[in-house]
file target-v3.txt (compact mmCIF, C-alpha atoms and all ligand atoms)
# COMPACT_ATOMS: atom_id res chain seq x y z
CA MET A 3 0.00 0.00 0.00
CA GLY A 4 1.38 3.38 -1.01
CA ALA A 5 4.84 4.16 -2.20
CA THR A 6 7.64 2.45 -0.40
CA PHE A 7 10.41 4.67 0.82
CA GLY A 8 13.71 3.41 1.99
CA LEU A 9 16.95 4.73 3.34
CA ASP A 10 20.56 4.01 2.66
CA GLU A 11 23.80 5.48 3.93
CA ARG A 12 23.45 8.60 1.80
CA GLY A 13 19.81 9.47 1.56
CA VAL A 14 16.15 8.59 1.26
CA ILE A 15 15.13 6.33 -1.62
CA VAL A 16 12.01 7.74 -3.25
CA PRO A 17 10.24 6.00 -6.13
CA CYS A 18 9.30 8.35 -8.97
CA ALA A 19 5.51 8.71 -9.25
CA SER A 20 5.77 8.95 -13.05
CA CYS A 21 8.22 6.26 -14.13
CA GLY A 22 8.80 4.24 -10.99
CA LYS A 23 12.55 4.70 -10.97
CA LYS A 24 13.99 4.81 -7.48
CA ASN A 25 15.78 8.06 -6.81
CA ARG A 26 18.06 8.81 -3.90
CA VAL A 27 17.46 12.18 -2.29
CA ALA A 28 20.54 13.01 -0.21
CA TYR A 29 19.81 13.75 3.44
CA ALA A 30 21.21 17.24 3.04
CA ARG A 31 18.83 17.93 0.11
CA LEU A 32 15.60 16.64 1.62
CA GLY A 33 13.96 20.05 1.56
CA ASP A 34 14.97 20.84 -2.02
CA ALA A 35 13.00 20.41 -5.23
CA VAL A 36 14.42 17.27 -6.85
CA GLN A 37 13.90 15.83 -10.33
CA CYS A 38 13.76 12.19 -11.30
CA GLY A 39 17.10 11.09 -12.75
CA GLU A 40 15.25 9.14 -15.44
CA CYS A 41 12.22 11.13 -16.60
CA LYS A 42 12.99 14.55 -15.05
CA GLN A 43 9.60 14.77 -13.37
CA PRO A 44 9.59 16.35 -9.92
CA ILE A 45 10.14 13.85 -7.13
CA LYS A 46 7.54 14.08 -4.41
CA ALA A 47 8.89 14.41 -0.90
CA PRO A 48 8.19 11.43 1.37
CA GLY A 49 4.69 11.87 2.79
CA GLU A 50 4.61 8.85 5.04
CA PRO A 51 6.69 7.57 7.94
CA ILE A 52 9.86 5.68 7.04
CA GLU A 53 10.85 2.67 9.11
CA LEU A 54 14.53 2.53 9.99
CA HIS A 55 16.37 -0.78 10.15
CA SER A 56 19.92 0.32 10.93
CA SER A 57 21.22 2.50 13.74
CA ALA A 58 24.01 3.70 11.42
CA ASP A 59 21.34 5.02 9.04
CA PHE A 60 19.65 6.69 11.99
CA ASP A 61 22.86 8.47 12.97
CA ARG A 62 23.64 9.62 9.45
CA LEU A 63 20.11 10.87 8.88
CA ILE A 64 20.03 12.81 12.15
CA ALA A 65 23.49 14.27 11.49
CA SER A 66 22.87 15.46 7.95
CA SER A 67 19.12 15.93 7.40
CA SER A 68 18.26 19.35 6.03
CA LEU A 69 14.74 18.94 7.42
CA PRO A 70 13.57 18.48 11.01
CA VAL A 71 13.11 14.79 11.80
CA VAL A 72 10.24 13.41 13.88
CA VAL A 73 11.14 10.10 15.49
CA ASP A 74 8.41 7.71 16.59
CA TYR A 75 9.96 5.20 18.99
CA TRP A 76 7.70 2.18 19.06
CA ALA A 77 7.55 -1.61 19.31
CA PRO A 78 5.13 -4.17 17.85
CA TRP A 79 3.78 -5.28 21.25
CA CYS A 80 2.99 -1.75 22.42
CA GLY A 81 -0.75 -0.98 22.37
CA PRO A 82 -0.54 2.83 22.62
CA CYS A 83 2.00 2.76 19.76
CA ARG A 84 -0.80 1.54 17.51
CA ILE A 85 -2.80 4.62 18.47
CA VAL A 86 0.11 6.88 17.57
CA ALA A 87 0.81 5.24 14.20
CA PRO A 88 -2.05 6.90 12.26
CA GLU A 89 -1.26 10.21 13.94
CA VAL A 90 2.38 10.26 12.83
CA GLN A 91 1.11 9.21 9.40
CA LYS A 92 -1.03 12.38 9.29
CA VAL A 93 1.94 14.50 10.32
CA ALA A 94 4.13 12.89 7.64
CA ALA A 95 1.52 13.62 4.97
CA ARG A 96 0.90 17.22 6.04
CA TYR A 97 4.59 17.99 6.45
CA ALA A 98 5.87 16.30 3.30
CA GLY A 99 8.86 18.33 2.12
CA ARG A 100 9.03 20.23 5.41
CA ALA A 101 9.84 17.44 7.84
CA LEU A 102 10.76 13.79 7.73
CA VAL A 103 8.95 11.28 9.92
CA ILE A 104 10.74 8.09 10.84
CA LYS A 105 9.88 5.09 12.97
CA VAL A 106 12.37 3.36 15.23
CA ASN A 107 11.39 -0.07 16.51
CA THR A 108 13.21 -0.09 19.85
CA ASP A 109 13.17 -3.91 19.90
CA GLU A 110 15.06 -3.95 16.60
CA LEU A 111 17.33 -0.91 17.09
CA THR A 112 17.95 -1.46 20.78
CA ASP A 113 21.14 0.60 20.82
CA VAL A 114 19.34 3.71 19.55
CA GLY A 115 16.80 3.48 22.36
CA GLN A 116 19.58 3.00 24.89
CA ARG A 117 21.80 5.80 23.62
CA PHE A 118 18.93 8.27 23.67
CA GLY A 119 17.59 7.04 26.98
CA ILE A 120 14.16 5.99 25.75
CA ARG A 121 12.49 4.57 28.85
CA SER A 122 8.95 4.16 27.64
CA ILE A 123 7.17 3.89 24.35
CA PRO A 124 5.64 5.43 22.49
CA THR A 125 8.06 8.34 22.72
CA LEU A 126 8.05 11.05 20.08
CA ALA A 127 11.14 13.17 19.53
CA VAL A 128 12.09 15.96 17.16
CA PHE A 129 15.65 16.37 15.90
CA ALA A 130 16.99 19.34 13.95
CA GLY A 131 20.48 20.44 13.09
CA GLY A 132 21.92 17.18 14.36
CA ARG A 133 20.53 17.37 17.87
CA GLU A 134 17.36 16.50 19.75
CA ILE A 135 15.15 19.55 20.22
CA THR A 136 12.33 18.06 22.23
CA ARG A 137 10.54 14.82 23.11
CA VAL A 138 7.34 13.63 24.74
CA ALA A 139 6.40 10.23 26.09
CA GLY A 140 2.97 8.74 25.48
CA ALA A 141 0.46 8.75 22.65
CA ARG A 142 -0.29 12.16 21.14
CA PRO A 143 -2.71 13.36 18.48
CA ALA A 144 -1.28 14.81 15.27
CA PRO A 145 -1.73 18.49 16.27
CA GLU A 146 0.39 17.96 19.39
CA ILE A 147 3.10 16.27 17.35
CA GLU A 148 3.00 19.20 14.94
CA ALA A 149 3.36 21.58 17.89
CA LEU A 150 6.57 19.75 18.79
CA LEU A 151 7.78 20.29 15.24
CA GLN A 152 7.14 24.01 15.54
CA GLN A 153 9.72 24.12 18.33
CA ALA A 154 12.29 22.91 15.83
CA ALA A 155 11.45 25.68 13.36
CA PRO A 156 10.77 28.83 15.38
CA ALA A 157 11.74 31.09 12.49
CA HIS A 158 9.26 30.73 9.67
CA ARG A 159 10.93 30.26 6.31
CA SER A 160 8.97 30.75 3.13
ZN ZN B 201 10.77 9.27 -13.25
call {"tool": "encode", "arguments": {"input": "target-v3.txt", "output": "structure tokens", "more": "lines below"}}
Ligand SMILES: [Zn+2]
result
Amino acid sequence: MGATFGLDERGVIVPCASCGKKNRVAYARLGDAVQCGECKQPIKAPGEPIELHSSADFDRLIASSSLPVVVDYWAPWCGPCRIVAPEVQKVAARYAGRALVIKVNTDELTDVGQRFGIRSIPTLAVFAGGREITRVAGARPAPEIEALLQQAAPAHRS
């Protein structure tokens, strides 16, 4: 269902909506207008949460992303995490091109949860400029998650 986005060591892999070719958008260019390398159509910014499967990818993304990053720390057995999932999905859709939403399964990426001191899930955190700006524990509706994002971008850019 929907486009499948991925990550590698250099950027986010975004399938072209026109020709299907997978394009890599470098972390540092996430907020830029990007064209498909094949058909030159504009590449749509990721509008859904991206699941991370490597803590090295997490570190590189956080260090070099040109957009604020919302992190949804979750695990499959966590009931409240299932309540948060559609909310972060809404945020990802509304903030496509302005923020990146990622999901970190703390059972899979245990070292990320440990390094950042995640003691309960769901926890939602916002990173910008390579550092954590804010976090909240517990399920939140989309508007509250978006309010967290506003803290990462106090100066409005047009
Ligand atoms: Zn294309």
call {"tool": "atom_distance", "arguments": {"input": "target-v3.txt", "atom1": "atom CA of A:Ile45", "atom2": "atom CA of A:Val27"}}
result
8.9 Å
call {"tool": "residues_near_ligand", "arguments": {"input": "target-v3.txt", "ligand": "ligand ZN 201 (chain B)", "cutoff": "7 Å", "atoms": "all atoms listed in the file", "output": "list in words"}}
result
Cys18, Ala19, Ser20, Cys21, Gly22, Lys23, Cys38, Gly39, Glu40, Cys41, Lys42 and Gln43 of chain A
call {"tool": "residues_near_point", "arguments": {"input": "target-v3.txt", "point": "(2.7, 7.7, 9.5)", "cutoff": "9 Å", "atoms": "all atoms listed in the file", "output": "number ranges by chain"}}
result
A: 49-52, 86-95, 103-105
call {"tool": "closest_residue", "arguments": {"input": "target-v3.txt", "among": "A:Trp76, A:Arg100, A:Ile15, A:Gln116", "to": "A:Ala155", "atoms": "all atoms listed in the file"}}
result
A:Arg100
call {"tool": "residues_around", "arguments": {"input": "target-v3.txt", "residues": "stretch 146-151 of chain A", "least_positions_apart": "5", "cutoff": "10 Å", "atoms": "only C-alpha atoms", "output": "number ranges by chain"}}
result
A: 70-72, 86, 89-90, 92-94, 96-97, 100-101, 126-130, 135-138, 141, 156
call {"tool": "closest_residue", "arguments": {"input": "target-v3.txt", "among": "A:Leu102, A:Arg12, A:Thr112, A:Pro124", "to": "A:Gly33", "atoms": "all atoms listed in the file"}}
result
A:Leu102
call {"tool": "atom_distance", "arguments": {"input": "target-v3.txt", "atom1": "atom CA of A:Val73", "atom2": "atom CA of A:Lys24"}}
result
23.7 Å
call {"tool": "closest_residue", "arguments": {"input": "target-v3.txt", "among": "A:Glu134, A:Glu110, A:Glu53, A:Asp61", "to": "A:Leu9", "atoms": "all atoms listed in the file"}}
result
A:Glu53
call {"tool": "atom_distance", "arguments": {"input": "target-v3.txt", "atom1": "atom CA of A:Ala77", "atom2": "atom CA of A:Asn107"}}
result
5.0 Å
call {"tool": "residues_around", "arguments": {"input": "target-v3.txt", "residues": "A:Ser66", "least_positions_apart": "5", "cutoff": "7 Å", "atoms": "all atoms listed in the file", "output": "VMD selection string"}}
result
chain A and resid 29 to 30 132
call {"tool": "build_atoms", "arguments": {"input": "target-v3.txt", "residues": "stretch 124-135 of chain A", "atoms": "all heavy atoms", "output": "PDB file, in the frame of the given file"}}
result
ATOM      1  N   PRO A 124       4.993   4.611  23.512  1.00  0.00           N
ATOM      2  CA  PRO A 124       5.640   5.430  22.490  1.00  0.00           C
ATOM      3  C   PRO A 124       6.324   6.679  23.078  1.00  0.00           C
ATOM      4  O   PRO A 124       5.821   7.258  24.031  1.00  0.00           O
ATOM      5  CB  PRO A 124       4.479   5.847  21.586  1.00  0.00           C
ATOM      6  CG  PRO A 124       3.276   5.833  22.490  1.00  0.00           C
ATOM      7  CD  PRO A 124       3.527   4.725  23.467  1.00  0.00           C
ATOM      8  N   THR A 125       7.445   7.036  22.473  1.00  0.00           N
ATOM      9  CA  THR A 125       8.060   8.340  22.720  1.00  0.00           C
ATOM     10  C   THR A 125       8.229   9.003  21.361  1.00  0.00           C
ATOM     11  O   THR A 125       8.595   8.351  20.384  1.00  0.00           O
ATOM     12  CB  THR A 125       9.433   8.191  23.415  1.00  0.00           C
ATOM     13  OG1 THR A 125       9.236   7.792  24.768  1.00  0.00           O
ATOM     14  CG2 THR A 125      10.200   9.513  23.401  1.00  0.00           C
ATOM     15  N   LEU A 126       7.908  10.282  21.315  1.00  0.00           N
ATOM     16  CA  LEU A 126       8.050  11.050  20.080  1.00  0.00           C
ATOM     17  C   LEU A 126       9.114  12.113  20.308  1.00  0.00           C
ATOM     18  O   LEU A 126       9.069  12.816  21.322  1.00  0.00           O
ATOM     19  CB  LEU A 126       6.720  11.709  19.708  1.00  0.00           C
ATOM     20  CG  LEU A 126       5.605  10.708  19.401  1.00  0.00           C
ATOM     21  CD1 LEU A 126       4.239  11.304  19.688  1.00  0.00           C
ATOM     22  CD2 LEU A 126       5.692  10.252  17.953  1.00  0.00           C
ATOM     23  N   ALA A 127      10.063  12.200  19.398  1.00  0.00           N
ATOM     24  CA  ALA A 127      11.140  13.170  19.530  1.00  0.00           C
ATOM     25  C   ALA A 127      11.306  13.933  18.231  1.00  0.00           C
ATOM     26  O   ALA A 127      10.961  13.432  17.158  1.00  0.00           O
ATOM     27  CB  ALA A 127      12.447  12.478  19.908  1.00  0.00           C
ATOM     28  N   VAL A 128      11.785  15.155  18.339  1.00  0.00           N
ATOM     29  CA  VAL A 128      12.090  15.960  17.160  1.00  0.00           C
ATOM     30  C   VAL A 128      13.566  16.320  17.179  1.00  0.00           C
ATOM     31  O   VAL A 128      14.072  16.804  18.189  1.00  0.00           O
ATOM     32  CB  VAL A 128      11.231  17.256  17.118  1.00  0.00           C
ATOM     33  CG1 VAL A 128      11.655  18.137  15.945  1.00  0.00           C
ATOM     34  CG2 VAL A 128       9.756  16.916  17.016  1.00  0.00           C
ATOM     35  N   PHE A 129      14.232  16.023  16.072  1.00  0.00           N
ATOM     36  CA  PHE A 129      15.650  16.370  15.900  1.00  0.00           C
ATOM     37  C   PHE A 129      15.750  17.433  14.812  1.00  0.00           C
ATOM     38  O   PHE A 129      14.999  17.406  13.834  1.00  0.00           O
ATOM     39  CB  PHE A 129      16.475  15.159  15.453  1.00  0.00           C
ATOM     40  CG  PHE A 129      16.671  14.116  16.515  1.00  0.00           C
ATOM     41  CD1 PHE A 129      15.666  13.215  16.814  1.00  0.00           C
ATOM     42  CD2 PHE A 129      17.870  14.035  17.220  1.00  0.00           C
ATOM     43  CE1 PHE A 129      15.841  12.247  17.796  1.00  0.00           C
ATOM     44  CE2 PHE A 129      18.072  13.067  18.197  1.00  0.00           C
ATOM     45  CZ  PHE A 129      17.049  12.170  18.486  1.00  0.00           C
ATOM     46  N   ALA A 130      16.680  18.352  15.000  1.00  0.00           N
ATOM     47  CA  ALA A 130      16.990  19.340  13.950  1.00  0.00           C
ATOM     48  C   ALA A 130      18.426  19.776  14.138  1.00  0.00           C
ATOM     49  O   ALA A 130      18.907  19.870  15.271  1.00  0.00           O
ATOM     50  CB  ALA A 130      16.040  20.538  14.032  1.00  0.00           C
ATOM     51  N   GLY A 131      19.095  19.995  13.029  1.00  0.00           N
ATOM     52  CA  GLY A 131      20.480  20.440  13.090  1.00  0.00           C
ATOM     53  C   GLY A 131      21.385  19.476  13.821  1.00  0.00           C
ATOM     54  O   GLY A 131      22.367  19.880  14.447  1.00  0.00           O
ATOM     55  N   GLY A 132      21.053  18.181  13.772  1.00  0.00           N
ATOM     56  CA  GLY A 132      21.920  17.180  14.360  1.00  0.00           C
ATOM     57  C   GLY A 132      21.702  16.929  15.834  1.00  0.00           C
ATOM     58  O   GLY A 132      22.390  16.112  16.438  1.00  0.00           O
ATOM     59  N   ARG A 133      20.746  17.622  16.443  1.00  0.00           N
ATOM     60  CA  ARG A 133      20.530  17.370  17.870  1.00  0.00           C
ATOM     61  C   ARG A 133      19.031  17.274  18.184  1.00  0.00           C
ATOM     62  O   ARG A 133      18.194  17.757  17.419  1.00  0.00           O
ATOM     63  CB  ARG A 133      21.176  18.457  18.721  1.00  0.00           C
ATOM     64  CG  ARG A 133      20.580  19.814  18.506  1.00  0.00           C
ATOM     65  CD  ARG A 133      21.383  20.909  19.183  1.00  0.00           C
ATOM     66  NE  ARG A 133      20.688  22.190  19.053  1.00  0.00           N
ATOM     67  CZ  ARG A 133      19.791  22.634  19.936  1.00  0.00           C
ATOM     68  NH1 ARG A 133      19.507  21.934  21.011  1.00  0.00           N
ATOM     69  NH2 ARG A 133      19.172  23.783  19.746  1.00  0.00           N
ATOM     70  N   GLU A 134      18.757  16.657  19.325  1.00  0.00           N
ATOM     71  CA  GLU A 134      17.360  16.500  19.750  1.00  0.00           C
ATOM     72  C   GLU A 134      16.863  17.832  20.302  1.00  0.00           C
ATOM     73  O   GLU A 134      17.483  18.428  21.181  1.00  0.00           O
ATOM     74  CB  GLU A 134      17.256  15.403  20.804  1.00  0.00           C
ATOM     75  CG  GLU A 134      15.819  15.121  21.196  1.00  0.00           C
ATOM     76  CD  GLU A 134      15.686  13.927  22.147  1.00  0.00           C
ATOM     77  OE1 GLU A 134      16.429  12.949  22.004  1.00  0.00           O
ATOM     78  OE2 GLU A 134      14.819  14.016  23.035  1.00  0.00           O
ATOM     79  N   ILE A 135      15.724  18.272  19.788  1.00  0.00           N
ATOM     80  CA  ILE A 135      15.150  19.550  20.220  1.00  0.00           C
ATOM     81  C   ILE A 135      14.176  19.326  21.361  1.00  0.00           C
ATOM     82  O   ILE A 135      14.150  20.070  22.336  1.00  0.00           O
ATOM     83  CB  ILE A 135      14.402  20.235  19.047  1.00  0.00           C
ATOM     84  CG1 ILE A 135      15.316  20.391  17.832  1.00  0.00           C
ATOM     85  CG2 ILE A 135      13.804  21.561  19.481  1.00  0.00           C
ATOM     86  CD1 ILE A 135      16.485  21.329  18.028  1.00  0.00           C
TER      87      ILE A 135
END
